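Novice: mmCIF, C-alpha atoms, file final_28.cif:
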data_model
loop_
_atom_site.label_atom_id
_atom_site.label_comp_id
_atom_site.auth_asym_id
_atom_site.auth_seq_id
_atom_site.Cartn_x
_atom_site.Cartn_y
_atom_site.Cartn_z
CA MET A 7 0.00 0.00 0.00
CA THR A 8 1.44 3.40 -0.95
CA ILE A 9 0.57 7.00 -0.31
CA MET A 10 -1.87 8.22 -2.91
CA ALA A 11 -0.75 10.90 -5.34
CA GLY A 12 -1.25 14.43 -4.11
CA MET A 13 -0.95 13.55 -0.44
CA GLY A 14 0.97 15.95 1.78
CA SER A 15 1.12 19.72 1.90
CA PRO A 16 0.59 21.66 -1.32
CA THR A 17 3.87 22.08 -3.15
CA GLY A 18 5.27 24.69 -5.50
CA THR A 19 8.18 27.04 -6.09
CA GLY A 20 7.01 29.83 -3.80
CA VAL A 21 4.38 31.09 -1.45
CA GLY A 22 1.89 31.68 -4.29
CA PRO A 23 1.49 28.04 -5.37
CA LEU A 24 1.43 26.97 -1.72
CA LEU A 25 -1.38 29.37 -0.91
CA ARG A 26 -3.29 28.36 -4.03
CA GLY A 27 -2.97 24.72 -3.01
CA TRP A 28 -4.39 25.39 0.44
CA ARG A 29 -7.20 27.55 -1.00
CA GLU A 30 -8.20 24.83 -3.45
CA ARG A 31 -8.09 22.23 -0.70
CA ARG A 32 -10.52 24.35 1.34
CA GLN A 33 -12.68 24.77 -1.77
CA LEU A 34 -12.69 28.55 -1.64
CA SER A 35 -12.65 30.97 -4.55
CA GLN A 36 -10.11 33.79 -4.64
CA LEU A 37 -12.91 36.26 -3.94
CA GLN A 38 -14.19 34.30 -0.93
CA LEU A 39 -10.73 34.01 0.61
CA ALA A 40 -9.86 37.63 -0.14
CA LEU A 41 -13.01 38.88 1.60
CA ARG A 42 -12.30 36.76 4.65
CA ALA A 43 -8.70 37.97 4.84
CA ASP A 44 -9.54 41.67 4.28
CA SER A 45 -7.81 41.76 0.91
CA SER A 46 -8.88 41.84 -2.75
CA ALA A 47 -9.31 39.06 -5.26
CA ARG A 48 -7.01 40.93 -7.65
CA HIS A 49 -4.19 41.12 -5.10
CA LEU A 50 -4.67 37.49 -4.12
CA SER A 51 -4.50 36.51 -7.79
CA PHE A 52 -1.22 38.40 -8.15
CA VAL A 53 0.15 36.65 -5.03
CA GLU A 54 -0.81 33.19 -6.27
CA ASN A 55 0.68 33.87 -9.71
CA GLY A 56 3.94 35.20 -8.23
CA ARG A 57 3.41 38.74 -9.52
CA SER A 58 3.16 40.21 -6.02
CA ARG A 59 4.87 39.42 -2.75
CA PRO A 60 2.40 39.28 0.15
CA SER A 61 3.20 41.07 3.38
CA ARG A 62 4.00 39.00 6.43
CA GLU A 63 0.67 40.02 7.98
CA LEU A 64 -1.27 38.97 4.89
CA VAL A 65 0.40 35.54 4.85
CA LEU A 66 -0.65 35.02 8.47
CA ARG A 67 -4.21 36.23 7.81
CA LEU A 68 -4.58 33.97 4.80
CA ALA A 69 -3.15 31.00 6.70
CA ALA A 70 -5.57 31.62 9.57
CA GLN A 71 -8.57 31.77 7.23
CA LEU A 72 -7.41 28.59 5.49
CA ASP A 73 -6.92 26.83 8.82
CA VAL A 74 -3.36 25.91 7.88
CA PRO A 75 -1.55 23.89 10.60
CA VAL A 76 0.93 25.88 12.63
CA ARG A 77 4.02 24.14 11.24
CA GLU A 78 2.85 24.79 7.67
CA ARG A 79 2.21 28.48 8.48
CA ASN A 80 5.93 28.78 9.16
CA THR A 81 6.54 27.06 5.82
CA LEU A 82 4.41 29.68 4.07
CA LEU A 83 6.31 32.50 5.76
CA LEU A 84 9.67 31.02 4.76
CA ALA A 85 8.46 30.62 1.17
CA ALA A 86 7.51 34.31 1.18
CA GLY A 87 10.95 35.30 2.47
CA TYR A 88 10.06 35.90 6.11
CA ALA A 89 11.25 34.36 9.36
CA PRO A 90 9.00 31.79 11.05
CA HIS A 91 6.36 33.25 13.36
CA TYR A 92 5.71 30.25 15.59
CA PRO A 93 8.43 28.82 17.85
CA GLU A 94 9.01 25.09 18.27
CA THR A 95 9.82 24.58 21.95
CA PRO A 96 10.92 21.12 23.12
CA LEU A 97 8.52 19.62 25.60
CA ASP A 98 11.31 19.19 28.15
CA ASP A 99 12.20 22.90 28.02
CA PRO A 100 11.73 24.63 31.43
CA ARG A 101 9.30 27.02 29.76
CA MET A 102 7.02 24.03 29.25
CA ASP A 103 6.92 23.11 32.96
CA ALA A 104 3.34 24.27 33.48
CA LEU A 105 2.16 22.52 30.32
CA ARG A 106 3.88 19.27 31.26
CA GLY A 107 2.44 19.46 34.74
CA GLY A 108 -1.06 19.86 33.37
CA ILE A 109 -0.59 16.92 31.01
CA GLU A 110 0.71 14.71 33.81
CA ARG A 111 -2.28 15.56 36.01
CA LEU A 112 -4.70 14.75 33.19
CA LEU A 113 -3.01 11.41 32.52
CA ALA A 114 -3.03 10.45 36.20
CA ALA A 115 -6.67 11.47 36.55
CA HIS A 116 -7.63 9.02 33.79
CA ASP A 117 -6.28 6.01 35.68
CA PRO A 118 -7.27 3.19 35.90
CA TYR A 119 -8.02 3.57 32.19
CA PRO A 120 -5.20 3.92 29.61
CA ALA A 121 -4.15 7.32 28.29
CA VAL A 122 -1.19 8.47 26.21
CA VAL A 123 0.23 11.68 24.72
CA VAL A 124 1.83 11.56 21.26
CA ASP A 125 3.48 14.07 18.96
CA GLY A 126 2.81 14.68 15.28
CA THR A 127 4.60 11.49 14.24
CA PHE A 128 2.89 9.39 16.95
CA ARG A 129 5.92 9.14 19.21
CA VAL A 130 4.80 8.49 22.78
CA LEU A 131 5.83 11.43 24.98
CA ALA A 132 3.91 10.56 28.13
CA ALA A 133 1.49 7.92 29.40
CA ASN A 134 -0.26 6.85 32.57
CA ARG A 135 0.21 3.60 34.49
CA SER A 136 -2.75 1.89 32.87
CA LEU A 137 -1.21 1.92 29.41
CA ALA A 138 0.85 -1.08 30.53
CA VAL A 139 -2.30 -3.20 30.25
CA LEU A 140 -2.51 -2.46 26.52
CA LEU A 141 1.22 -2.98 25.98
CA ASP A 142 1.44 -6.31 27.77
CA GLY A 143 3.34 -8.77 25.56
CA VAL A 144 4.69 -6.16 23.12
CA ALA A 145 8.31 -6.91 22.14
CA PRO A 146 10.79 -4.85 24.24
CA GLN A 147 12.53 -3.41 21.16
CA LEU A 148 9.27 -1.76 20.13
CA LEU A 149 8.98 -0.01 23.50
CA ARG A 150 12.39 1.62 23.70
CA PRO A 151 11.73 5.34 24.28
CA PRO A 152 10.59 7.31 22.54
CA PHE A 153 8.56 4.45 21.08
CA ASN A 154 6.01 4.92 18.34
CA ALA A 155 2.38 4.20 19.18
CA ILE A 156 1.38 3.21 15.63
CA ARG A 157 4.35 0.88 15.17
CA ALA A 158 3.85 -0.74 18.59
CA THR A 159 0.17 -1.30 17.77
CA LEU A 160 0.39 -2.73 14.25
CA HIS A 161 3.76 -4.52 14.27
CA PRO A 162 3.51 -8.34 14.18
CA ASP A 163 5.60 -8.41 17.38
CA GLY A 164 3.52 -5.65 18.91
CA LEU A 165 -0.08 -5.38 20.01
CA ALA A 166 -1.49 -6.63 16.68
CA PRO A 167 -1.72 -10.36 17.56
CA ARG A 168 -3.92 -9.52 20.56
CA ILE A 169 -6.31 -7.18 18.73
CA VAL A 170 -9.53 -9.04 18.03
CA ASN A 171 -10.75 -6.60 15.36
CA LEU A 172 -7.31 -5.96 13.89
CA ARG A 173 -8.49 -5.42 10.32
CA GLN A 174 -10.89 -2.65 11.41
CA TRP A 175 -8.45 -1.01 13.82
CA ARG A 176 -5.62 -1.12 11.27
CA ARG A 177 -7.82 0.61 8.70
CA HIS A 178 -8.76 3.25 11.29
CA LEU A 179 -5.11 4.00 12.14
CA LEU A 180 -3.99 4.16 8.50
CA GLU A 181 -6.83 6.54 7.65
CA ARG A 182 -5.87 8.68 10.62
CA MET A 183 -2.30 8.87 9.32
CA GLU A 184 -3.53 9.70 5.82
CA ARG A 185 -5.58 12.63 7.16
CA GLN A 186 -2.53 13.94 8.99
CA LEU A 187 -0.34 13.58 5.92
CA GLU A 188 -2.84 15.64 3.94
CA LEU A 189 -2.26 18.54 6.34
CA VAL A 190 1.39 18.38 7.31
CA HIS A 191 4.42 17.59 5.16
CA ALA A 192 6.40 15.35 7.52
CA GLU A 193 8.81 12.90 5.95
CA PRO A 194 9.16 10.78 9.13
CA LEU A 195 5.38 10.35 9.18
CA ARG A 196 5.33 9.42 5.49
CA GLN A 197 8.05 6.84 6.08
CA LEU A 198 6.16 5.44 9.06
CA TYR A 199 3.02 5.13 6.94
CA GLU A 200 4.89 3.22 4.25
CA GLU A 201 6.36 0.93 6.90
CA VAL A 202 3.23 0.05 8.87
CA SER A 203 0.97 -0.20 5.82
CA GLY A 204 3.34 -2.91 4.61
CA TYR A 205 2.92 -5.09 7.67
CA PRO A 206 1.08 -8.36 6.93
CA GLU A 207 -2.66 -8.12 7.31
CA ALA A 208 -4.51 -10.57 9.52
CA ALA A 209 -8.11 -11.66 9.55
CA ASP A 210 -10.23 -10.57 12.48
CA ASP A 211 -10.87 -13.19 15.14
CA PRO A 212 -14.22 -14.78 14.11
CA THR A 213 -14.98 -15.69 17.74
CA GLY A 214 -14.31 -12.36 19.39
CA GLY A 215 -15.90 -9.66 17.29
CA ALA A 216 -19.39 -9.75 18.72
CA VAL A 217 -20.53 -6.94 21.00
CA GLU A 218 -22.86 -7.99 23.80
CA ASP A 219 -24.99 -4.86 23.73
CA GLY A 220 -25.55 -4.96 19.99
CA ARG A 221 -24.11 -2.64 17.35
CA PRO A 222 -21.49 -0.27 18.86
CA PHE A 223 -21.97 3.49 18.42
CA ALA A 224 -18.21 3.96 17.79
CA LEU A 225 -15.45 1.64 16.64
CA PRO A 226 -14.09 -0.20 19.70
CA LEU A 227 -10.56 -1.44 20.20
CA ARG A 228 -10.99 -5.04 21.35
CA ILE A 229 -7.95 -6.71 22.93
CA ARG A 230 -7.38 -10.18 24.33
CA HIS A 231 -5.87 -10.02 27.81
CA ASP A 232 -5.55 -12.75 30.47
CA GLY A 233 -8.24 -14.94 28.94
CA ARG A 234 -10.77 -12.16 28.41
CA VAL A 235 -11.52 -9.53 25.78
CA LEU A 236 -11.19 -5.92 26.90
CA SER A 237 -13.08 -3.32 24.89
CA PHE A 238 -12.23 0.39 24.63
CA LEU A 239 -13.50 3.49 22.88
CA SER A 240 -10.83 6.01 21.92
CA THR A 241 -11.05 9.79 22.21
CA ILE A 242 -8.44 12.34 21.11
CA ALA A 243 -7.88 15.81 22.61
CA THR A 244 -5.72 18.61 21.20
CA PHE A 245 -4.96 22.18 22.28
CA ASN A 246 -7.14 25.04 21.06
CA THR A 247 -5.43 27.89 19.14
CA PRO A 248 -1.84 26.73 19.73
CA LEU A 249 0.94 29.32 19.33
CA ASP A 250 3.83 26.86 19.30
CA VAL A 251 4.58 24.12 16.77
CA THR A 252 5.23 21.50 19.45
CA VAL A 253 1.99 22.25 21.27
CA SER A 254 0.02 22.27 18.02
CA GLU A 255 1.05 18.68 17.30
CA LEU A 256 0.43 17.19 20.76
CA ALA A 257 -2.53 14.83 21.04
CA MET A 258 -3.82 13.06 24.12
CA GLU A 259 -5.58 9.78 23.37
CA THR A 260 -7.72 8.34 26.14
CA PHE A 261 -9.25 4.88 26.13
CA LEU A 262 -12.68 4.60 27.74
CA PRO A 263 -14.06 1.20 28.77
CA ALA A 264 -16.76 0.11 26.35
CA ASP A 265 -18.34 -2.47 28.63
CA ALA A 266 -18.80 -3.28 32.31
CA GLU A 267 -16.34 -6.20 32.27
CA THR A 268 -13.52 -3.92 31.12
CA VAL A 269 -14.35 -1.44 33.88
CA ARG A 270 -14.29 -4.11 36.57
CA PHE A 271 -11.06 -5.67 35.33
CA LEU A 272 -9.10 -2.42 35.12
CA GLN A 273 -10.33 -1.23 38.50
CA SER A 274 -9.23 -4.51 40.06
CA VAL A 275 -5.84 -4.69 38.33
CA VAL A 276 -4.70 -1.05 38.23
CA GLY A 277 -6.74 0.34 41.12
CA PRO A 278 -6.13 3.74 42.72
CA GLU A 279 -2.61 5.14 42.83
CA HIS A 280 -0.98 5.00 46.25
#
Turn the structure described in the file into structure tokens.
Specialist:
Amino acid sequence: MTIMAGMGSPTGTGVGPLLRGWRERRQLSQLQLALRADSSARHLSFVENGRSRPSRELVLRLAAQLDVPVRERNTLLLAAGYAPHYPETPLDDPRMDALRGGIERLLAAHDPYPAVVVDGTFRVLAANRSLAVLLDGVAPQLLRPPFNAIRATLHPDGLAPRIVNLRQWRRHLLERMERQLELVHAEPLRQLYEEVSGYPEAADDPTGGAVEDGRPFALPLRIRHDGRVLSFLSTIATFNTPLDVTVSELAMETFLPADAETVRFLQSVVGPEH
């Protein structure tokens, strides 16, 4: 399986083609975008055709109206000849102490249910104690920090052999990666996609796919563990209006029990933190 043609950020020789690519992706006319960005369709046409260099402020206004990811806004500025506007601060920087503290409190509060924080390439940056339940049996080499959540899930030596509905969950994760690749040009992510999409596919377990309460209202992750099947629903949280590249790409994924048996098991095994 390969990345489809056209995936990734719009490409071109300058800021004009890049902006045109984002505008077409958002299905806006030049007039619509110009009105939203307090400009004119004529000026926007000149910018897209390379006949006019947009001001730094106009690039940022256009990017905001096009909902361009923060990292790609810096790319637009560089293409227009300006310095990046958004910093990229490492998560372990002292300036991130308050942010890290908040993340750690959120993760701990979700125990005894699994929760994890990943970056834009799905590297695991933080997790709570309960994630160990999901990672039980995963090969040690896949868990060397900073390990990759997608690789650890879909690798044949990872979580994949224990996932009851592997075919469904694999499709979900690959589609999630494809959506991210459509927004952000990240070569490590593209390489990861090519790697994990090449892992051998496996048929879902015909004995473990049934849901006791009927048709689920969201796709569950169903995992064999200690002779039982645990079932989870996944939610993803991101930061609103981020002003830093690192923060813009952080995502906290929490796994909610999808049935009473999973609740009882996790409460008995993980229990409250002492």
Novice: How many Å separate CA of Leu137 in chain A from CA of Tyr119 in chain A?
Specialist: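 Value for the CA of Leu137 in chain A-CA of Tyr119 in chain A distance: 7.5 Å.
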Novice: Which residues match the PyMOL selection byres ((chain A and resi 81) around 12) in the file above, as a VMD selection string?
Specialist: chain A and resid 15 to 18 20 to 21 24 to 25 65 to 66 69 74 to 80 82 to 92 190 to 192 251
Novice: Convert the current residue selection to file output with C-alpha atoms, as a compact mmCIF listing (two decimals), in the frame of the given file.
Specialist:
# COMPACT_ATOMS: atom_id res chain seq x y z
CA SER A 15 1.12 19.72 1.90
CA PRO A 16 0.59 21.66 -1.32
CA THR A 17 3.87 22.08 -3.15
CA GLY A 18 5.27 24.69 -5.50
CA GLY A 20 7.01 29.83 -3.80
CA VAL A 21 4.38 31.09 -1.45
CA LEU A 24 1.43 26.97 -1.72
CA LEU A 25 -1.38 29.37 -0.91
CA VAL A 65 0.40 35.54 4.85
CA LEU A 66 -0.65 35.02 8.47
CA ALA A 69 -3.15 31.00 6.70
CA VAL A 74 -3.36 25.91 7.88
CA PRO A 75 -1.55 23.89 10.60
CA VAL A 76 0.93 25.88 12.63
CA ARG A 77 4.02 24.14 11.24
CA GLU A 78 2.85 24.79 7.67
CA ARG A 79 2.21 28.48 8.48
CA ASN A 80 5.93 28.78 9.16
CA LEU A 82 4.41 29.68 4.07
CA LEU A 83 6.31 32.50 5.76
CA LEU A 84 9.67 31.02 4.76
CA ALA A 85 8.46 30.62 1.17
CA ALA A 86 7.51 34.31 1.18
CA GLY A 87 10.95 35.30 2.47
CA TYR A 88 10.06 35.90 6.11
CA ALA A 89 11.25 34.36 9.36
CA PRO A 90 9.00 31.79 11.05
CA HIS A 91 6.36 33.25 13.36
CA TYR A 92 5.71 30.25 15.59
CA VAL A 190 1.39 18.38 7.31
CA HIS A 191 4.42 17.59 5.16
CA ALA A 192 6.40 15.35 7.52
CA VAL A 251 4.58 24.12 16.77
Novice: Which is closest to Val170 in chain A among A:Arg101, A:Arg150, A:Arg157, A:Arg234, if we use all atoms listed in the file?
Specialist: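 The answer is A:Arg234, which sits nearest to Val170 in chain A.
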Novice: Select from range 84-174 of chain A every residue with an atom at most 12 Å from any atom of range 264-271 of chain A, then for each give the shortest pair of atoms and their distance in Å to one decimal, using only C-alpha atoms, rows by chain and rising number, as CSV.
Specialist:
residue,atom,partner,partner_atom,distance
A:Asp117,CA,A:Val269,CA,11.1
A:Pro118,CA,A:Val269,CA,8.7
A:Tyr119,CA,A:Val269,CA,8.2
A:Pro120,CA,A:Val269,CA,11.4
A:Ser136,CA,A:Phe271,CA,11.5
A:Val139,CA,A:Phe271,CA,10.4
Novice: Quick one: distance from CA of Arg62 in chain A to CA of Phe245 in chain A in Å, one decimal?
Specialist: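 Atom-to-atom, CA of Arg62 in chain A to CA of Phe245 in chain A, that is 24.8 Å.
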Novice: From the options A:Gly143, A:Pro151, A:Pro206, A:Pro100, which residue's atoms come nearest to Asp232 in chain A, counting all atoms listed in the file?
Specialist: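 Looking at the shortest contact to Asp232 in chain A, the residue is A:Gly143.
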Novice: Would you write out, as a short mmCIF file (atom, residue, chain, number, x, y, z; two decimals) with C-alpha atoms, keeping the file's coordinate frame, every residue that the PyMOL selection byres ((chain A and resi 252-261) around 8) captures in this file?
Specialist:
data_model
loop_
_atom_site.label_atom_id
_atom_site.label_comp_id
_atom_site.auth_asym_id
_atom_site.auth_seq_id
_atom_site.Cartn_x
_atom_site.Cartn_y
_atom_site.Cartn_z
CA PRO A 75 -1.55 23.89 10.60
CA VAL A 76 0.93 25.88 12.63
CA GLU A 94 9.01 25.09 18.27
CA THR A 95 9.82 24.58 21.95
CA PRO A 96 10.92 21.12 23.12
CA LEU A 97 8.52 19.62 25.60
CA HIS A 116 -7.63 9.02 33.79
CA TYR A 119 -8.02 3.57 32.19
CA PRO A 120 -5.20 3.92 29.61
CA ALA A 121 -4.15 7.32 28.29
CA VAL A 122 -1.19 8.47 26.21
CA VAL A 123 0.23 11.68 24.72
CA VAL A 124 1.83 11.56 21.26
CA ASP A 125 3.48 14.07 18.96
CA GLY A 126 2.81 14.68 15.28
CA PHE A 238 -12.23 0.39 24.63
CA LEU A 239 -13.50 3.49 22.88
CA SER A 240 -10.83 6.01 21.92
CA THR A 241 -11.05 9.79 22.21
CA ILE A 242 -8.44 12.34 21.11
CA ALA A 243 -7.88 15.81 22.61
CA THR A 244 -5.72 18.61 21.20
CA PHE A 245 -4.96 22.18 22.28
CA THR A 247 -5.43 27.89 19.14
CA PRO A 248 -1.84 26.73 19.73
CA LEU A 249 0.94 29.32 19.33
CA ASP A 250 3.83 26.86 19.30
CA VAL A 251 4.58 24.12 16.77
CA LEU A 262 -12.68 4.60 27.74
CA PRO A 263 -14.06 1.20 28.77
#
Novice: To one decimal place, how far is CA of Ile229 in chain A from CA of Asn171 in chain A in Å?
Specialist: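 Separation of CA of Ile229 in chain A and CA of Asn171 in chain A: 8.1 Å.
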Novice: Spell out the residues picked by the PyMOL selection byres ((chain A and resi 174) around 10) here, as a list in words.
Specialist: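 Those residues are Ile169, Val170, Asn171, Leu172, Arg173, Trp175, Arg176, Arg177, His178, Leu179, Ala209, Asp210, Leu225, Pro226 and Leu227 of chain A.
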Novice: Dig up all the protein and nucleic acid residues within 7 Å of (1.1, 7.5, 16.6) in the file frame, using only C-alpha atoms, and format them as a ChimeraX atom specification.
Specialist: /A:124,127-129,154-156
